[in-house]
>>> print(open('my_file.pdb').read())   # PDB, C-alpha atoms and all ligand atoms
ATOM      1  CA  MET A  26      72.380 116.698  63.210
ATOM      2  CA  ALA A  27      70.893 113.618  61.621
ATOM      3  CA  LYS A  28      72.024 110.373  63.150
ATOM      4  CA  SER A  29      73.644 107.723  61.044
ATOM      5  CA  LYS A  30      72.127 104.275  60.962
ATOM      6  CA  PHE A  31      75.191 103.091  62.861
ATOM      7  CA  GLU A  32      74.403 105.124  65.951
ATOM      8  CA  TYR A  33      72.605 102.235  67.612
ATOM      9  CA  VAL A  34      75.940 100.564  68.466
ATOM     10  CA  ARG A  35      76.309 103.128  71.243
ATOM     11  CA  ASP A  36      73.687 101.181  73.180
ATOM     12  CA  PHE A  37      76.156  98.351  73.557
ATOM     13  CA  GLU A  38      78.181 100.532  75.931
ATOM     14  CA  VAL A  39      77.168  99.813  79.492
ATOM     15  CA  PRO A  40      77.355 102.231  82.430
ATOM     16  CA  ASP A  41      80.164 101.590  84.919
ATOM     17  CA  THR A  42      79.553 104.279  87.514
ATOM     18  CA  CYS A  43      81.272 103.888  90.859
ATOM     19  CA  LEU A  44      78.629 103.866  93.611
ATOM     20  CA  PRO A  45      78.174 107.399  95.025
ATOM     21  CA  ASN A  46      79.535 108.326  98.440
ATOM     22  CA  CYS A  47      82.124 105.534  98.457
ATOM     23  CA  TRP A  48      85.888 105.830  98.607
ATOM     24  CA  ALA A  49      87.180 104.541  95.276
ATOM     25  CA  VAL A  50      90.643 103.032  95.397
ATOM     26  CA  VAL A  51      92.542 102.420  92.177
ATOM     27  CA  ARG A  52      95.473 100.040  92.673
ATOM     28  CA  VAL A  53      98.053  99.669  89.940
ATOM     29  CA  ASP A  54     100.660  96.927  89.945
ATOM     30  CA  GLY A  55     103.651  96.312  87.686
ATOM     31  CA  ARG A  56     103.152  93.512  85.185
ATOM     32  CA  ASN A  57     105.607  90.672  85.706
ATOM     33  CA  PHE A  58     108.008  92.854  87.684
ATOM     34  CA  HIS A  59     109.695  89.708  88.864
ATOM     35  CA  ARG A  60     111.184  89.627  85.371
ATOM     36  CA  PHE A  61     111.443  93.410  84.925
ATOM     37  CA  SER A  62     113.389  93.811  88.189
ATOM     38  CA  GLU A  63     115.790  90.987  87.228
ATOM     39  CA  GLN A  64     116.394  92.306  83.718
ATOM     40  CA  HIS A  65     117.031  95.830  84.960
ATOM     41  CA  LYS A  66     119.294  94.653  87.791
ATOM     42  CA  PHE A  67     117.224  96.003  90.686
ATOM     43  CA  THR A  68     119.121  95.602  93.940
ATOM     44  CA  LYS A  69     117.642  93.118  96.402
ATOM     45  CA  PRO A  70     115.629  93.228  98.525
ATOM     46  CA  ASN A  71     114.932  96.918  97.840
ATOM     47  CA  ASP A  72     116.042  99.075  94.967
ATOM     48  CA  LEU A  73     116.061 102.693  96.121
ATOM     49  CA  ARG A  74     115.985 104.015  92.535
ATOM     50  CA  ALA A  75     112.960 101.910  91.609
ATOM     51  CA  LEU A  76     111.005 102.964  94.695
ATOM     52  CA  LEU A  77     111.810 106.657  94.223
ATOM     53  CA  LEU A  78     110.793 106.376  90.577
ATOM     54  CA  MET A  79     107.420 104.890  91.579
ATOM     55  CA  ASN A  80     106.970 107.734  94.095
ATOM     56  CA  ARG A  81     107.722 110.321  91.406
ATOM     57  CA  CYS A  82     105.182 108.686  89.083
ATOM     58  CA  ALA A  83     102.545 108.611  91.821
ATOM     59  CA  GLU A  84     103.124 112.301  92.555
ATOM     60  CA  THR A  85     102.606 113.009  88.846
ATOM     61  CA  VAL A  86      99.318 111.109  88.944
ATOM     62  CA  MET A  87      98.216 113.227  91.929
ATOM     63  CA  GLU A  88      99.298 116.452  90.227
ATOM     64  CA  GLU A  89      97.168 115.523  87.216
ATOM     65  CA  ILE A  90      94.149 114.150  89.077
ATOM     66  CA  LYS A  91      93.131 116.497  91.862
ATOM     67  CA  ASP A  92      90.317 114.329  93.233
ATOM     68  CA  ILE A  93      92.868 111.830  94.570
ATOM     69  CA  CYS A  94      93.282 112.644  98.260
ATOM     70  CA  LEU A  95      95.922 110.080  99.217
ATOM     71  CA  ALA A  96      98.195 107.500  97.633
ATOM     72  CA  TYR A  97     100.059 104.575  99.165
ATOM     73  CA  GLY A  98     102.818 102.613  97.458
ATOM     74  CA  GLN A  99     105.213  99.746  98.065
ATOM     75  CA  SER A 100     107.126  97.344  95.804
ATOM     76  CA  ASP A 101     105.709  97.599  92.258
ATOM     77  CA  GLU A 102     102.260  98.774  93.345
ATOM     78  CA  TYR A 103     100.477 102.021  94.178
ATOM     79  CA  SER A 104      96.980 102.663  95.516
ATOM     80  CA  PHE A 105      95.195 105.939  94.767
ATOM     81  CA  VAL A 106      92.228 107.028  96.876
ATOM     82  CA  PHE A 107      89.543 109.069  95.099
ATOM     83  CA  HIS A 108      87.584 111.140  97.589
ATOM     84  CA  LYS A 109      84.083 109.811  98.188
ATOM     85  CA  LYS A 110      82.617 113.138  97.016
ATOM     86  CA  SER A 111      84.529 113.057  93.730
ATOM     87  CA  ASN A 112      82.431 113.385  90.618
ATOM     88  CA  TRP A 113      85.391 113.232  88.224
ATOM     89  CA  TYR A 114      84.205 111.914  84.839
ATOM     90  CA  LYS A 115      80.859 111.203  86.507
ATOM     91  CA  ARG A 116      82.670 108.551  88.588
ATOM     92  CA  ARG A 117      83.111 106.233  85.620
ATOM     93  CA  ALA A 118      85.226 103.271  86.749
ATOM     94  CA  SER A 119      86.905 102.903  83.352
ATOM     95  CA  LYS A 120      88.018 106.569  83.447
ATOM     96  CA  PHE A 121      89.369 106.220  86.986
ATOM     97  CA  ILE A 122      91.368 103.100  86.184
ATOM     98  CA  THR A 123      92.647 103.893  82.712
ATOM     99  CA  HIS A 124      93.694 107.471  83.443
ATOM    100  CA  VAL A 125      95.588 106.463  86.565
ATOM    101  CA  VAL A 126      97.261 103.505  84.874
ATOM    102  CA  SER A 127      98.252 105.368  81.725
ATOM    103  CA  GLN A 128      99.498 108.455  83.582
ATOM    104  CA  LEU A 129     101.589 106.266  85.876
ATOM    105  CA  SER A 130     102.937 104.121  83.037
ATOM    106  CA  SER A 131     103.937 107.025  80.828
ATOM    107  CA  SER A 132     105.547 108.734  83.836
ATOM    108  CA  TYR A 133     107.513 105.556  84.562
ATOM    109  CA  VAL A 134     109.080 105.729  81.121
ATOM    110  CA  PHE A 135     109.344 109.540  81.123
ATOM    111  CA  TYR A 136     111.278 109.684  84.427
ATOM    112  CA  TRP A 137     113.232 106.417  84.055
ATOM    113  CA  ASN A 138     116.524 108.088  83.075
ATOM    114  CA  LYS A 139     116.384 110.473  85.962
ATOM    115  CA  PHE A 140     116.399 107.599  88.448
ATOM    116  CA  PHE A 141     118.320 105.025  86.384
ATOM    117  CA  PRO A 142     120.960 107.125  84.577
ATOM    118  CA  ASP A 143     123.205 104.083  84.078
ATOM    119  CA  GLN A 144     120.572 101.554  83.078
ATOM    120  CA  THR A 145     118.854 101.545  79.699
ATOM    121  CA  MET A 146     115.217 100.561  79.727
ATOM    122  CA  LEU A 147     115.243  97.242  77.866
ATOM    123  CA  TYR A 148     111.554  96.922  77.088
ATOM    124  CA  PRO A 149     108.367  98.875  77.849
ATOM    125  CA  PRO A 150     106.889  98.001  81.250
ATOM    126  CA  GLY A 151     103.165  97.521  81.784
ATOM    127  CA  PHE A 152     100.853  97.992  84.753
ATOM    128  CA  ASP A 153      97.482  96.512  85.598
ATOM    129  CA  GLY A 154      94.747  98.412  87.398
ATOM    130  CA  ARG A 155      91.555  97.791  89.317
ATOM    131  CA  VAL A 156      89.102  99.905  91.265
ATOM    132  CA  VAL A 157      87.537  98.826  94.535
ATOM    133  CA  LEU A 158      84.858 100.794  96.431
ATOM    134  CA  TYR A 159      84.914 101.171 100.195
ATOM    135  CA  PRO A 160      81.699 102.466 101.766
ATOM    136  CA  SER A 161      83.085 103.467 105.175
ATOM    137  CA  VAL A 162      86.149 105.309 106.422
ATOM    138  CA  GLN A 163      86.954 102.268 108.548
ATOM    139  CA  ASN A 164      86.931 100.044 105.433
ATOM    140  CA  LEU A 165      89.279 102.489 103.697
ATOM    141  CA  LYS A 166      91.647 102.644 106.678
ATOM    142  CA  ASP A 167      91.609  98.848 106.879
ATOM    143  CA  TYR A 168      92.385  98.602 103.159
ATOM    144  CA  LEU A 169      95.438 100.847 103.586
ATOM    145  CA  SER A 170      96.458  98.941 106.728
ATOM    146  CA  TRP A 171      96.229  95.708 104.728
ATOM    147  CA  ARG A 172      98.626  97.037 102.080
ATOM    148  CA  GLN A 173     101.025  98.393 104.709
ATOM    149  CA  ALA A 174     100.969  95.139 106.685
ATOM    150  CA  ASP A 175     101.736  93.340 103.396
ATOM    151  CA  CYS A 176     104.698  95.679 102.886
ATOM    152  CA  HIS A 177     105.972  94.944 106.398
ATOM    153  CA  ILE A 178     105.594  91.165 106.141
ATOM    154  CA  ASN A 179     107.288  90.988 102.731
ATOM    155  CA  ASN A 180     110.070  93.382 103.638
ATOM    156  CA  LEU A 181     110.943  91.614 106.882
ATOM    157  CA  TYR A 182     111.017  88.288 105.075
ATOM    158  CA  ASN A 183     113.045  89.638 102.146
ATOM    159  CA  THR A 184     115.517  91.438 104.409
ATOM    160  CA  VAL A 185     116.384  88.216 106.285
ATOM    161  CA  PHE A 186     116.218  86.077 103.153
ATOM    162  CA  TRP A 187     118.724  88.221 101.232
ATOM    163  CA  ALA A 188     120.981  88.620 104.267
ATOM    164  CA  LEU A 189     121.199  84.812 104.485
ATOM    165  CA  VAL A 190     121.920  84.560 100.758
ATOM    166  CA  GLN A 191     124.189  87.560 100.261
ATOM    167  CA  GLN A 192     126.069  87.590 103.571
ATOM    168  CA  LYS A 193     125.971  83.956 104.737
ATOM    169  CA  GLY A 194     126.261  82.374 101.295
ATOM    170  CA  LEU A 195     123.127  80.221 101.640
ATOM    171  CA  THR A 196     121.436  79.140  98.429
ATOM    172  CA  PRO A 197     117.914  80.580  97.933
ATOM    173  CA  ALA A 198     116.492  77.115  98.689
ATOM    174  CA  GLN A 199     118.476  76.890 101.929
ATOM    175  CA  ALA A 200     117.417  80.385 102.991
ATOM    176  CA  GLN A 201     113.799  79.543 102.245
ATOM    177  CA  ASP A 202     114.120  76.377 104.310
ATOM    178  CA  ARG A 203     115.683  78.253 107.195
ATOM    179  CA  LEU A 204     112.788  80.758 107.276
ATOM    180  CA  LYS A 205     109.984  78.252 106.833
ATOM    181  CA  GLY A 206     107.471  78.620 109.668
ATOM    182  CA  THR A 207     109.384  81.364 111.494
ATOM    183  CA  LEU A 208     107.398  84.090 113.251
ATOM    184  CA  SER A 209     108.319  87.736 112.865
ATOM    185  CA  GLY A 210     110.035  87.788 116.279
ATOM    186  CA  GLU A 211     112.311  84.977 115.142
ATOM    187  CA  LYS A 212     113.152  86.788 111.908
ATOM    188  CA  ASN A 213     114.025  89.912 113.906
ATOM    189  CA  GLU A 214     116.217  87.737 116.147
ATOM    190  CA  ILE A 215     118.096  86.196 113.190
ATOM    191  CA  LEU A 216     118.769  89.674 111.806
ATOM    192  CA  TYR A 217     119.988  90.932 115.162
ATOM    193  CA  SER A 218     122.090  87.999 116.327
ATOM    194  CA  GLU A 219     123.549  86.881 112.990
ATOM    195  CA  PHE A 220     123.807  90.137 111.051
ATOM    196  CA  ASN A 221     123.815  92.789 113.752
ATOM    197  CA  ILE A 222     120.829  94.403 112.052
ATOM    198  CA  ASN A 223     118.151  96.057 114.140
ATOM    199  CA  TYR A 224     115.170  95.801 111.804
ATOM    200  CA  ASN A 225     113.619  98.977 113.239
ATOM    201  CA  ASN A 226     116.635 100.923 112.020
ATOM    202  CA  GLU A 227     116.134  99.851 108.414
ATOM    203  CA  PRO A 228     114.952 102.741 106.181
ATOM    204  CA  ALA A 229     111.338 103.697 106.888
ATOM    205  CA  MET A 230     110.498 103.671 103.160
ATOM    206  CA  TYR A 231     111.387  99.973 103.003
ATOM    207  CA  ARG A 232     109.535  99.067 106.197
ATOM    208  CA  LYS A 233     106.445 101.269 105.815
ATOM    209  CA  GLY A 234     106.148 102.054 102.114
ATOM    210  CA  SER A 235     105.275 105.566 100.900
ATOM    211  CA  VAL A 236     102.253 107.706 101.671
ATOM    212  CA  ILE A 237     101.523 110.746  99.512
ATOM    213  CA  VAL A 238      99.301 113.534 100.790
ATOM    214  CA  ARG A 239      98.739 117.133  99.766
ATOM    215  CA  ASN A 240     100.250 119.948 101.766
ATOM    216  CA  LYS A 241      98.945 123.491 101.616
ATOM    217  CA  VAL A 242     101.737 126.007 101.251
ATOM    218  CA  ASN A 243     101.558 129.791 101.122
ATOM    219  CA  GLU A 244     103.274 130.978  97.996
ATOM    220  CA  ILE A 245     104.264 134.640  98.035
ATOM    221  CA  SER A 246     105.084 136.256  94.735
ATOM    222  CA  LYS A 247     105.581 139.798  93.536
ATOM    223  CA  LYS A 248     103.260 141.377  91.030
ATOM    224  CA  ILE A 249     103.309 144.755  89.277
ATOM    225  CA  ILE A 250      99.877 146.333  89.315
ATOM    226  CA  LYS A 251      98.335 149.709  88.689
ATOM    227  CA  LEU A 252      95.838 150.746  91.330
ATOM    228  CA  PRO A 253      93.079 153.066  90.048
ATOM    229  CA  ASP A 254      93.773 155.719  92.682
ATOM    230  CA  ARG A 255      97.530 155.825  92.017
ATOM    231  CA  ALA A 256      99.387 157.401  89.151
ATOM    232  CA  GLU A 257     102.309 154.934  89.079
ATOM    233  CA  GLN A 258     102.451 151.189  88.788
ATOM    234  CA  GLU A 259     103.380 149.492  92.027
ATOM    235  CA  GLU A 260     104.939 146.235  93.055
ATOM    236  CA  VAL A 261     102.807 144.329  95.530
ATOM    237  CA  GLU A 262     103.132 140.973  97.233
ATOM    238  CA  VAL A 263     100.399 138.466  96.485
ATOM    239  CA  CYS A 264      99.841 135.395  98.580
ATOM    240  CA  ARG A 265      98.421 132.271  96.993
ATOM    241  CA  VAL A 266      97.640 129.004  98.736
ATOM    242  CA  ARG A 267      99.102 126.216  96.706
ATOM    243  CA  SER A 268      98.735 122.517  97.221
ATOM    244  CA  GLN A 269     101.880 120.403  96.951
ATOM    245  CA  THR A 270     102.306 116.672  97.162
ATOM    246  CA  VAL A 271     104.506 115.360  99.948
ATOM    247  CA  VAL A 272     105.845 111.833 100.368
ATOM    248  CA  LEU A 273     105.839 110.368 103.887
ATOM    249  CA  HIS A 274     106.985 107.009 105.233
ATOM    250  CA  CYS A 275     104.738 106.831 108.242
ATOM    251  CA  ASP A 276     102.497 104.338 109.942
ATOM    252  CA  LEU A 277      98.945 104.182 108.559
ATOM    253  CA  ILE A 278      97.723 101.412 110.821
ATOM    254  CA  SER A 279      97.571 103.308 114.129
ATOM    255  CA  ASP A 280      95.233 106.290 114.523
ATOM    256  CA  ALA A 281      98.010 108.872 114.808
ATOM    257  CA  PHE A 282      98.259 109.491 111.057
ATOM    258  CA  TRP A 283      94.528 110.202 110.733
ATOM    259  CA  VAL A 284      94.566 112.472 113.792
ATOM    260  CA  ASP A 285      97.531 114.409 112.346
ATOM    261  CA  HIS A 286      96.047 114.650 108.840
ATOM    262  CA  PRO A 287      92.298 115.293 109.172
ATOM    263  CA  GLU A 288      92.344 117.204 105.849
ATOM    264  CA  VAL A 289      92.969 114.017 103.843
ATOM    265  CA  LEU A 290      89.434 112.694 104.251
ATOM    266  CA  SER A 291      87.653 115.992 104.929
ATOM    267  CA  CYS A 292      85.223 117.406 102.414
ATOM    268  CA  GLU A 293      86.900 120.812 102.164
ATOM    269  CA  SER A 294      89.568 121.535  99.558
TER     270      SER A 294
HETATM  271  P1  LIG A 301     102.188  90.327  88.331
HETATM  272  O1  LIG A 301     102.033  91.512  89.231
HETATM  273  O2  LIG A 301     101.224  89.259  88.661
HETATM  274  O3  LIG A 301     102.197  90.675  86.889
HETATM  275  O4  LIG A 301     103.663  89.687  88.611
HETATM  276  P2  LIG A 301     104.882  90.334  89.396
HETATM  277  O5  LIG A 301     106.087  89.563  89.007
HETATM  278  O6  LIG A 301     104.940  91.808  89.182
HETATM  279  O7  LIG A 301     104.545  89.993  90.905
HETATM  280  P3  LIG A 301     104.231  90.923  92.159
HETATM  281  O8  LIG A 301     103.624  92.218  91.766
HETATM  282  O9  LIG A 301     103.451  90.095  93.115
HETATM  283  O10 LIG A 301     105.648  91.153  92.827
HETATM  284  C1  LIG A 301     106.483  92.224  92.567
HETATM  285  C2  LIG A 301     107.790  91.764  91.981
HETATM  286  O11 LIG A 301     108.607  92.908  91.730
HETATM  287  C3  LIG A 301     108.592  90.830  92.879
HETATM  288  O12 LIG A 301     109.035  89.724  92.125
HETATM  289  C4  LIG A 301     109.783  91.624  93.302
HETATM  290  C5  LIG A 301     109.879  92.733  92.278
HETATM  291  N1  LIG A 301     110.303  93.965  92.923
HETATM  292  C6  LIG A 301     109.540  95.011  93.314
HETATM  293  N2  LIG A 301     110.290  95.955  93.913
HETATM  294  C7  LIG A 301     111.560  95.495  93.889
HETATM  295  C8  LIG A 301     112.810  96.009  94.349
HETATM  296  O13 LIG A 301     112.899  97.123  94.906
HETATM  297  N3  LIG A 301     113.916  95.244  94.165
HETATM  298  C9  LIG A 301     113.837  94.035  93.545
HETATM  299  N4  LIG A 301     114.954  93.329  93.382
HETATM  300  N5  LIG A 301     112.700  93.514  93.094
HETATM  301  C10 LIG A 301     111.570  94.240  93.269
HETATM  302 MG    MG A 302     100.398  90.427  91.322
HETATM  303 MG    MG A 303     103.459  93.069  89.868
HETATM  304 MG    MG A 304     103.138  93.748  93.239
HETATM  305 MG    MG A 305      88.185 111.518  74.266
END
>>> encode(input="my_file.pdb", output="structure tokens")
Amino acid sequence: MAKSKFEYVRDFEVPDTCLPNCWAVVRVDGRNFHRFSEQHKFTKPNDLRALLLMNRCAETVMEEIKDICLAYGQSDEYSFVFHKKSNWYKRRASKFITHVVSQLSSSYVFYWNKFFPDQTMLYPPGFDGRVVLYPSVQNLKDYLSWRQADCHINNLYNTVFWALVQQKGLTPAQAQDRLKGTLSGEKNEILYSEFNINYNNEPAMYRKGSVIVRNKVNEISKKIIKLPDRAEQEEVEVCRVRSQTVVLHCDLISDAFWVDHPEVLSCES
């Protein structure tokens, strides 16, 4: 087909390929969720509905994009790890980011009512996205450890902060003052001695965030077939290996997770 004289504008598009053989992590984060969580009356410090909704959205992203081998989420953010061998959309960064962000955003609206049956969505939420490449498995593990450590630090702080405000009647400024310069041991001690809360008994999803991996399950179904050497049709059992997403609230910082789940980073599947 003859080209139009306008075709040359294509040359303004620049390549944005993610470097081969690197783990590509797309992190999405809610836009101004400080405001969104206030307006939609999220409970503090953690809103179970909001976290479960984010997990559902992240599972949808993984169902749609098979080259994602693991996802990790906490607060209003989720990180999606594209396998280093992925060649999805020729590894174009813009495809990685925009497809993840749009699939997650539309899912957030699509599933909202399921998790917030009594709360109307007041305005459409937005999410930002970025992709970062990690050349070694150790870099990738350290990235995930960084996000999980962030979850832990924020959650410990928020748990004590809101206990002081909600149960002791301190103003936010007073609570902030009280916690200024405290180490994590001291925060644990305040929770234990003043609120009878053992931080380690707080829900694992709040303390550790959520990890999504794929589980292989054998799915047995019945099928009616006609074998060539038989006169009648017969019902036979067929076994299919299906991959399902599963949400965990485990530690990613120690080696145990990686020893228990070698399939996550392996090149098979
Ligand atoms: P950004 O990301 O720069 O557009 O701005 P924000 O406001 O989204 O800031 P970010 O992402 O650093 O912090 C997340 C905000 O979302 C933070 O203000 C607390 C809120 N948030 C997230 N999860 C929950 C929750 O479960 N309960 C409540 N009450 N707030 C939450
Ligand atoms: Mg932010
Ligand atoms: Mg945010
Ligand atoms: Mg955030
Ligand atoms: Mg198109």
>>> resolve_selection(input="my_file.pdb", expression="the PyMOL selection byres (((chain A and resi 56-63) around 8) and not hetatm)", output="ChimeraX atom specification")
/A:54-55,64-67,101,150-153
>>> write_last_selection(input="my_file.pdb", atoms="C-alpha atoms", output="PDB file, in the coordinates of the input")
ATOM      1  CA  ASP A  54     100.660  96.927  89.945  1.00  0.00           C
ATOM      2  CA  GLY A  55     103.651  96.312  87.686  1.00  0.00           C
ATOM      3  CA  GLN A  64     116.394  92.306  83.718  1.00  0.00           C
ATOM      4  CA  HIS A  65     117.031  95.830  84.960  1.00  0.00           C
ATOM      5  CA  LYS A  66     119.294  94.653  87.791  1.00  0.00           C
ATOM      6  CA  PHE A  67     117.224  96.003  90.686  1.00  0.00           C
ATOM      7  CA  ASP A 101     105.709  97.599  92.258  1.00  0.00           C
ATOM      8  CA  PRO A 150     106.889  98.001  81.250  1.00  0.00           C
ATOM      9  CA  GLY A 151     103.165  97.521  81.784  1.00  0.00           C
ATOM     10  CA  PHE A 152     100.853  97.992  84.753  1.00  0.00           C
ATOM     11  CA  ASP A 153      97.482  96.512  85.598  1.00  0.00           C
TER      12      ASP A 153
END
>>> resolve_selection(input="my_file.pdb", expression="the PyMOL selection byres (((chain A and resi 76-90) around 9) and not hetatm)", output="PyMOL selection string")
chain A and resi 71-75+91-105+113+124-126+128-133+136-137+139-141+230-231+234-239+269-272
>>> resolve_selection(input="my_file.pdb", expression="the PyMOL selection byres (((chain A and resi 30-43) around 8) and not hetatm)", output="list of chain:residue names")
A:Lys28, A:Ser29, A:Leu44, A:Pro45, A:Cys47, A:Ala49, A:Lys115, A:Arg116, A:Arg117, A:Ala118, A:Ser119, A:Leu158
>>> atom_distance(input="my_file.pdb", atom1="CA of Pro228 (chain A)", atom2="CA of His274 (chain A)")
9.1 Å
>>> closest_residue(input="my_file.pdb", among="A:Tyr224, A:Lys109, A:Gly154, A:Lys251", to="ligand MG 303 (chain A)", atoms="only C-alpha atoms and all ligand atoms")
A:Gly154
>>> axis_aligned_box(input="my_file.pdb", around="region 98-111 of chain A", padding_each_side="5 Å", output="lines of an AutoDock Vina configuration file")
center_x = 94.9
center_y = 105.2
center_z = 95.2
size_x = 34.5
size_y = 25.8
size_z = 15.9
>>> residues_around(input="my_file.pdb", residues="Leu204 (chain A)", least_positions_apart="4", cutoff="9 Å", atoms="all atoms listed in the file", output="PyMOL selection string")
chain A and resi 182+185-186+199-200+208+211-212
>>> decode(input="my_file.pdb", residues="region 196-203 of chain A", atoms="all heavy atoms", output="PDB file, in the first residue's frame")
ATOM      1  N   THR A 196      -4.483  14.164  70.705  1.00  0.00           N
ATOM      2  CA  THR A 196      -4.669  14.800  69.402  1.00  0.00           C
ATOM      3  C   THR A 196      -3.593  14.224  68.463  1.00  0.00           C
ATOM      4  O   THR A 196      -2.561  13.741  68.951  1.00  0.00           O
ATOM      5  CB  THR A 196      -4.480  16.329  69.475  1.00  0.00           C
ATOM      6  OG1 THR A 196      -3.114  16.596  69.834  1.00  0.00           O
ATOM      7  CG2 THR A 196      -5.422  16.964  70.485  1.00  0.00           C
ATOM      8  N   PRO A 197      -3.804  14.284  67.138  1.00  0.00           N
ATOM      9  CA  PRO A 197      -2.768  13.796  66.224  1.00  0.00           C
ATOM     10  C   PRO A 197      -1.407  14.440  66.496  1.00  0.00           C
ATOM     11  O   PRO A 197      -0.377  13.760  66.452  1.00  0.00           O
ATOM     12  CB  PRO A 197      -3.311  14.177  64.850  1.00  0.00           C
ATOM     13  CG  PRO A 197      -4.799  14.138  65.017  1.00  0.00           C
ATOM     14  CD  PRO A 197      -5.046  14.637  66.425  1.00  0.00           C
ATOM     15  N   ALA A 198      -1.386  15.718  66.825  1.00  0.00           N
ATOM     16  CA  ALA A 198      -0.113  16.400  67.100  1.00  0.00           C
ATOM     17  C   ALA A 198       0.552  15.821  68.348  1.00  0.00           C
ATOM     18  O   ALA A 198       1.771  15.611  68.377  1.00  0.00           O
ATOM     19  CB  ALA A 198      -0.349  17.899  67.248  1.00  0.00           C
ATOM     20  N   GLN A 199      -0.255  15.551  69.373  1.00  0.00           N
ATOM     21  CA  GLN A 199       0.292  14.965  70.602  1.00  0.00           C
ATOM     22  C   GLN A 199       0.833  13.559  70.354  1.00  0.00           C
ATOM     23  O   GLN A 199       1.897  13.188  70.863  1.00  0.00           O
ATOM     24  CB  GLN A 199      -0.796  14.914  71.689  1.00  0.00           C
ATOM     25  CG  GLN A 199      -1.121  16.267  72.294  1.00  0.00           C
ATOM     26  CD  GLN A 199      -2.373  16.211  73.177  1.00  0.00           C
ATOM     27  OE1 GLN A 199      -3.279  15.400  72.955  1.00  0.00           O
ATOM     28  NE2 GLN A 199      -2.427  17.087  74.171  1.00  0.00           N
ATOM     29  N   ALA A 200       0.093  12.779  69.583  1.00  0.00           N
ATOM     30  CA  ALA A 200       0.527  11.408  69.275  1.00  0.00           C
ATOM     31  C   ALA A 200       1.833  11.432  68.491  1.00  0.00           C
ATOM     32  O   ALA A 200       2.751  10.649  68.754  1.00  0.00           O
ATOM     33  CB  ALA A 200      -0.563  10.687  68.480  1.00  0.00           C
ATOM     34  N   GLN A 201       1.908  12.363  67.555  1.00  0.00           N
ATOM     35  CA  GLN A 201       3.119  12.500  66.737  1.00  0.00           C
ATOM     36  C   GLN A 201       4.314  12.850  67.619  1.00  0.00           C
ATOM     37  O   GLN A 201       5.406  12.294  67.475  1.00  0.00           O
ATOM     38  CB  GLN A 201       2.892  13.597  65.697  1.00  0.00           C
ATOM     39  CG  GLN A 201       3.933  13.614  64.601  1.00  0.00           C
ATOM     40  CD  GLN A 201       3.679  14.712  63.572  1.00  0.00           C
ATOM     41  OE1 GLN A 201       2.667  15.426  63.633  1.00  0.00           O
ATOM     42  NE2 GLN A 201       4.580  14.860  62.641  1.00  0.00           N
ATOM     43  N   ASP A 202       4.074  13.760  68.559  1.00  0.00           N
ATOM     44  CA  ASP A 202       5.097  14.192  69.496  1.00  0.00           C
ATOM     45  C   ASP A 202       5.580  13.032  70.357  1.00  0.00           C
ATOM     46  O   ASP A 202       6.777  12.864  70.591  1.00  0.00           O
ATOM     47  CB  ASP A 202       4.506  15.293  70.381  1.00  0.00           C
ATOM     48  CG  ASP A 202       5.498  16.408  70.587  1.00  0.00           C
ATOM     49  OD1 ASP A 202       6.161  16.774  69.589  1.00  0.00           O
ATOM     50  OD2 ASP A 202       5.617  16.889  71.740  1.00  0.00           O
ATOM     51  N   ARG A 203       4.624  12.261  70.826  1.00  0.00           N
ATOM     52  CA  ARG A 203       4.920  11.121  71.694  1.00  0.00           C
ATOM     53  C   ARG A 203       5.811  10.100  70.980  1.00  0.00           C
ATOM     54  O   ARG A 203       6.667   9.467  71.590  1.00  0.00           O
ATOM     55  CB  ARG A 203       3.588  10.473  72.110  1.00  0.00           C
ATOM     56  CG  ARG A 203       3.682   9.207  72.906  1.00  0.00           C
ATOM     57  CD  ARG A 203       3.906   9.483  74.392  1.00  0.00           C
ATOM     58  NE  ARG A 203       4.460   8.334  75.062  1.00  0.00           N
ATOM     59  CZ  ARG A 203       3.740   7.321  75.541  1.00  0.00           C
ATOM     60  NH1 ARG A 203       2.417   7.351  75.443  1.00  0.00           N
ATOM     61  NH2 ARG A 203       4.320   6.274  76.104  1.00  0.00           N
TER      62      ARG A 203
END
